[in-house]
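Peer 1: My file is data-v3.tsv. It has TSV, C-alpha atoms:
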chain	number	residue	atom	x	y	z
A	1	MET	CA	14.56	2.45	-4.97
A	2	GLY	CA	17.25	2.66	-2.29
A	3	ASN	CA	15.42	0.22	-0.03
A	4	GLY	CA	15.35	-2.31	-2.86
A	5	TRP	CA	19.14	-2.31	-2.99
A	6	LEU	CA	19.35	-2.85	0.75
A	7	TRP	CA	16.84	-5.69	0.54
A	8	GLY	CA	18.79	-7.29	-2.30
A	9	ARG	CA	22.05	-6.95	-0.39
A	10	ASP	CA	20.50	-8.65	2.64
A	11	ILE	CA	19.07	-11.48	0.53
A	12	LEU	CA	22.43	-12.09	-1.16
A	13	GLY	CA	24.19	-11.96	2.19
A	14	ALA	CA	21.72	-14.42	3.63
A	15	ALA	CA	22.14	-16.78	0.67
A	16	HIS	CA	25.92	-16.62	1.05
A	17	ALA	CA	25.71	-17.27	4.79
A	18	ALA	CA	23.33	-20.19	4.31
A	19	ALA	CA	25.57	-21.71	1.62
A	20	HIS	CA	28.56	-21.55	3.96
A	21	GLY	CA	26.77	-23.05	6.92
A	22	GLU	CA	26.25	-19.86	8.87
A	23	GLY	CA	22.97	-19.38	10.71
A	24	ARG	CA	22.40	-15.75	9.66
A	25	GLY	CA	20.72	-16.67	6.38
A	26	CYS	CA	18.31	-19.06	7.99
A	27	ARG	CA	17.47	-16.55	10.70
A	28	LEU	CA	16.68	-13.96	8.04
A	29	TRP	CA	14.42	-16.32	6.08
A	30	GLY	CA	12.90	-17.63	9.31
A	31	GLY	CA	12.07	-14.09	10.38
A	32	ALA	CA	10.58	-13.30	6.97
A	33	LEU	CA	8.41	-16.43	7.02
A	34	LEU	CA	7.39	-15.78	10.62
A	35	GLY	CA	6.38	-12.22	9.76
A	36	LEU	CA	4.45	-13.23	6.63
A	37	GLY	CA	2.69	-16.05	8.43
A	38	GLY	CA	1.88	-13.93	11.48
A	39	PHE	CA	0.44	-11.14	9.36
A	40	ASN	CA	-1.71	-13.53	7.31
A	41	LEU	CA	-2.83	-15.33	10.47
A	42	PHE	CA	-3.95	-12.03	11.98
A	43	ASP	CA	-5.59	-11.02	8.70
A	44	GLY	CA	-7.39	-14.34	8.30
A	45	ILE	CA	-8.72	-14.58	11.83
A	46	VAL	CA	-9.30	-11.00	12.94
A	47	GLN	CA	-10.13	-9.19	9.70
A	48	HIS	CA	-11.82	-12.00	7.79
A	49	LYS	CA	-13.77	-13.76	10.52
A	50	LEU	CA	-14.15	-11.48	13.54
A	51	LEU	CA	-14.48	-8.06	11.91
A	52	ARG	CA	-15.63	-9.24	8.46
A	53	LEU	CA	-13.77	-6.35	6.81
A	54	HIS	CA	-13.00	-8.31	3.64
A	55	GLN	CA	-13.04	-11.91	2.50
A	56	VAL	CA	-10.55	-14.10	0.68
A	57	ARG	CA	-13.03	-14.62	-2.15
A	58	PRO	CA	-16.08	-12.40	-1.70
A	59	ALA	CA	-18.04	-13.85	-4.66
A	60	ALA	CA	-17.98	-17.40	-3.25
A	61	GLU	CA	-21.17	-18.84	-1.80
A	62	ASP	CA	-19.30	-20.59	1.00
A	63	TRP	CA	-16.34	-18.70	2.47
A	64	LEU	CA	-15.27	-21.44	4.88
A	65	PRO	CA	-13.03	-23.49	2.53
A	66	TYR	CA	-11.19	-20.36	1.43
A	67	ASP	CA	-10.74	-19.14	5.00
A	68	VAL	CA	-9.54	-22.55	6.18
A	69	GLY	CA	-7.01	-22.69	3.33
A	70	PHE	CA	-5.85	-19.13	3.98
A	71	VAL	CA	-5.38	-19.68	7.71
A	72	GLY	CA	-3.80	-23.10	7.04
A	73	VAL	CA	-1.14	-21.56	4.80
A	74	ALA	CA	-0.58	-18.82	7.39
A	75	LEU	CA	-0.06	-21.44	10.11
A	76	ASP	CA	2.35	-23.35	7.87
A	77	LEU	CA	4.40	-20.21	7.13
A	78	THR	CA	4.44	-19.28	10.82
A	79	ALA	CA	5.57	-22.76	11.89
A	80	ARG	CA	8.27	-22.96	9.23
A	81	GLY	CA	9.50	-19.49	10.15
A	82	ALA	CA	9.71	-20.44	13.82
A	83	LEU	CA	11.46	-23.76	13.17
A	84	LEU	CA	13.88	-22.75	10.40
A	85	PRO	CA	16.51	-21.05	12.59
A	86	ARG	CA	16.44	-23.90	15.11
A	87	GLY	CA	17.42	-26.49	12.52
A	88	THR	CA	20.54	-24.55	11.54
A	89	ASP	CA	21.94	-24.45	15.06
A	90	ALA	CA	21.94	-28.24	15.29
A	91	GLY	CA	23.44	-28.54	11.81
A	92	ALA	CA	26.18	-26.03	12.62
A	93	ALA	CA	27.02	-27.87	15.83
A	94	ARG	CA	27.38	-31.16	13.91
A	95	ARG	CA	29.67	-29.54	11.34
A	96	ARG	CA	31.91	-28.10	14.07
A	97	ALA	CA	32.18	-31.38	15.96
A	98	PRO	CA	35.52	-33.15	15.46
Translate the structure described by the file into structure tokens.
Peer 2:
Amino acid sequence: MGNGWLWGRDILGAAHAAAHGEGRGCRLWGGALLGLGGFNLFDGIVQHKLLRLHQVRPAAEDWLPYDVGFVGVALDLTARGALLPRGTDAGAARRRAP
């Protein structure tokens, strides 16, 4: 339960920082998206395809569309997580310019 409070405090702090133009909030969300996307990318490629430990939808006749969708979402999350903090630096620089 204690970790939930810390997580909530960090999320609220990130939302406050993002609302006031600080980059901390976007870095937090970018890191979260990068971690989620990286994990799912590893899971989709290594565990689903290479090791065949489990499948996205085991009862399906053709696994390929599900795997492509799963890895596609993972790539999207990873890309957004990597690019999110970069966009805030440019925006902060424009707001500080006279």
Peer 1: May I have the protein, DNA and RNA residues with an atom at most 12 Å from (-6.5, -18.4, 1.3), counting only C-alpha atoms in the file's coordinates, returned as a PyMOL selection string?
Peer 2: chain A and resi 37+40-41+43-45+48+55-58+63-75
Peer 1: Using Å and a single decimal, report how far atom CA of A:Arg52 sits from atom CA of A:Ala32.
Peer 2: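 These atoms are spaced 26.6 Å apart.
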Peer 1: Give me, please, the distance in Å between atom CA of A:Phe42 and atom CA of A:Gly81, quoted to one decimal.
Peer 2: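 We find that atom CA of A:Phe42 and atom CA of A:Gly81 lie 15.5 Å from each other.
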Peer 1: Atom CA of A:Leu53 to atom CA of A:Leu33: how many Å, to one decimal?
Peer 2: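 Computed distance, atom CA of A:Leu53 to atom CA of A:Leu33, equals 24.4 Å.
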Peer 1: Step by step: start from the point (11.8, -21.4, 10.0) in the file's coordinates, keep every protein, DNA or RNA residue that has an atom no farther than 9 Å from it, count all atoms listed in the file, and write the set as a short mmCIF file (atom, residue, chain, number, x, y, z; two decimals) with C-alpha atoms, in the coordinates of the input.
Peer 2:
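This went into result-v4.cif:
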data_model
loop_
_atom_site.label_atom_id
_atom_site.label_comp_id
_atom_site.auth_asym_id
_atom_site.auth_seq_id
_atom_site.Cartn_x
_atom_site.Cartn_y
_atom_site.Cartn_z
CA CYS A 26 18.31 -19.06 7.99
CA ARG A 27 17.47 -16.55 10.70
CA TRP A 29 14.42 -16.32 6.08
CA GLY A 30 12.90 -17.63 9.31
CA GLY A 31 12.07 -14.09 10.38
CA ALA A 32 10.58 -13.30 6.97
CA LEU A 33 8.41 -16.43 7.02
CA LEU A 34 7.39 -15.78 10.62
CA LEU A 77 4.40 -20.21 7.13
CA THR A 78 4.44 -19.28 10.82
CA ALA A 79 5.57 -22.76 11.89
CA ARG A 80 8.27 -22.96 9.23
CA GLY A 81 9.50 -19.49 10.15
CA ALA A 82 9.71 -20.44 13.82
CA LEU A 83 11.46 -23.76 13.17
CA LEU A 84 13.88 -22.75 10.40
CA PRO A 85 16.51 -21.05 12.59
CA ARG A 86 16.44 -23.90 15.11
CA GLY A 87 17.42 -26.49 12.52
#
Peer 1: Would you place a box with edges along x, y and z of the file around all atoms of stretch 43-55 of chain A listed there, add 8 Å to each of its six sides, and report the centre and edge lengths in Å to one decimal, as AutoDock Vina command-line options?
Peer 2:
--center_x -10.6 --center_y -10.5 --center_z 8.0 --size_x 26.0 --size_y 24.2 --size_z 27.0
Peer 1: Tell me which of A:Leu50, A:Leu28, A:Leu36, A:Ala59 sits closest to A:Asp76, counting all atoms listed in the file.
Peer 2: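 Smallest distance to A:Asp76 is found for A:Leu36.
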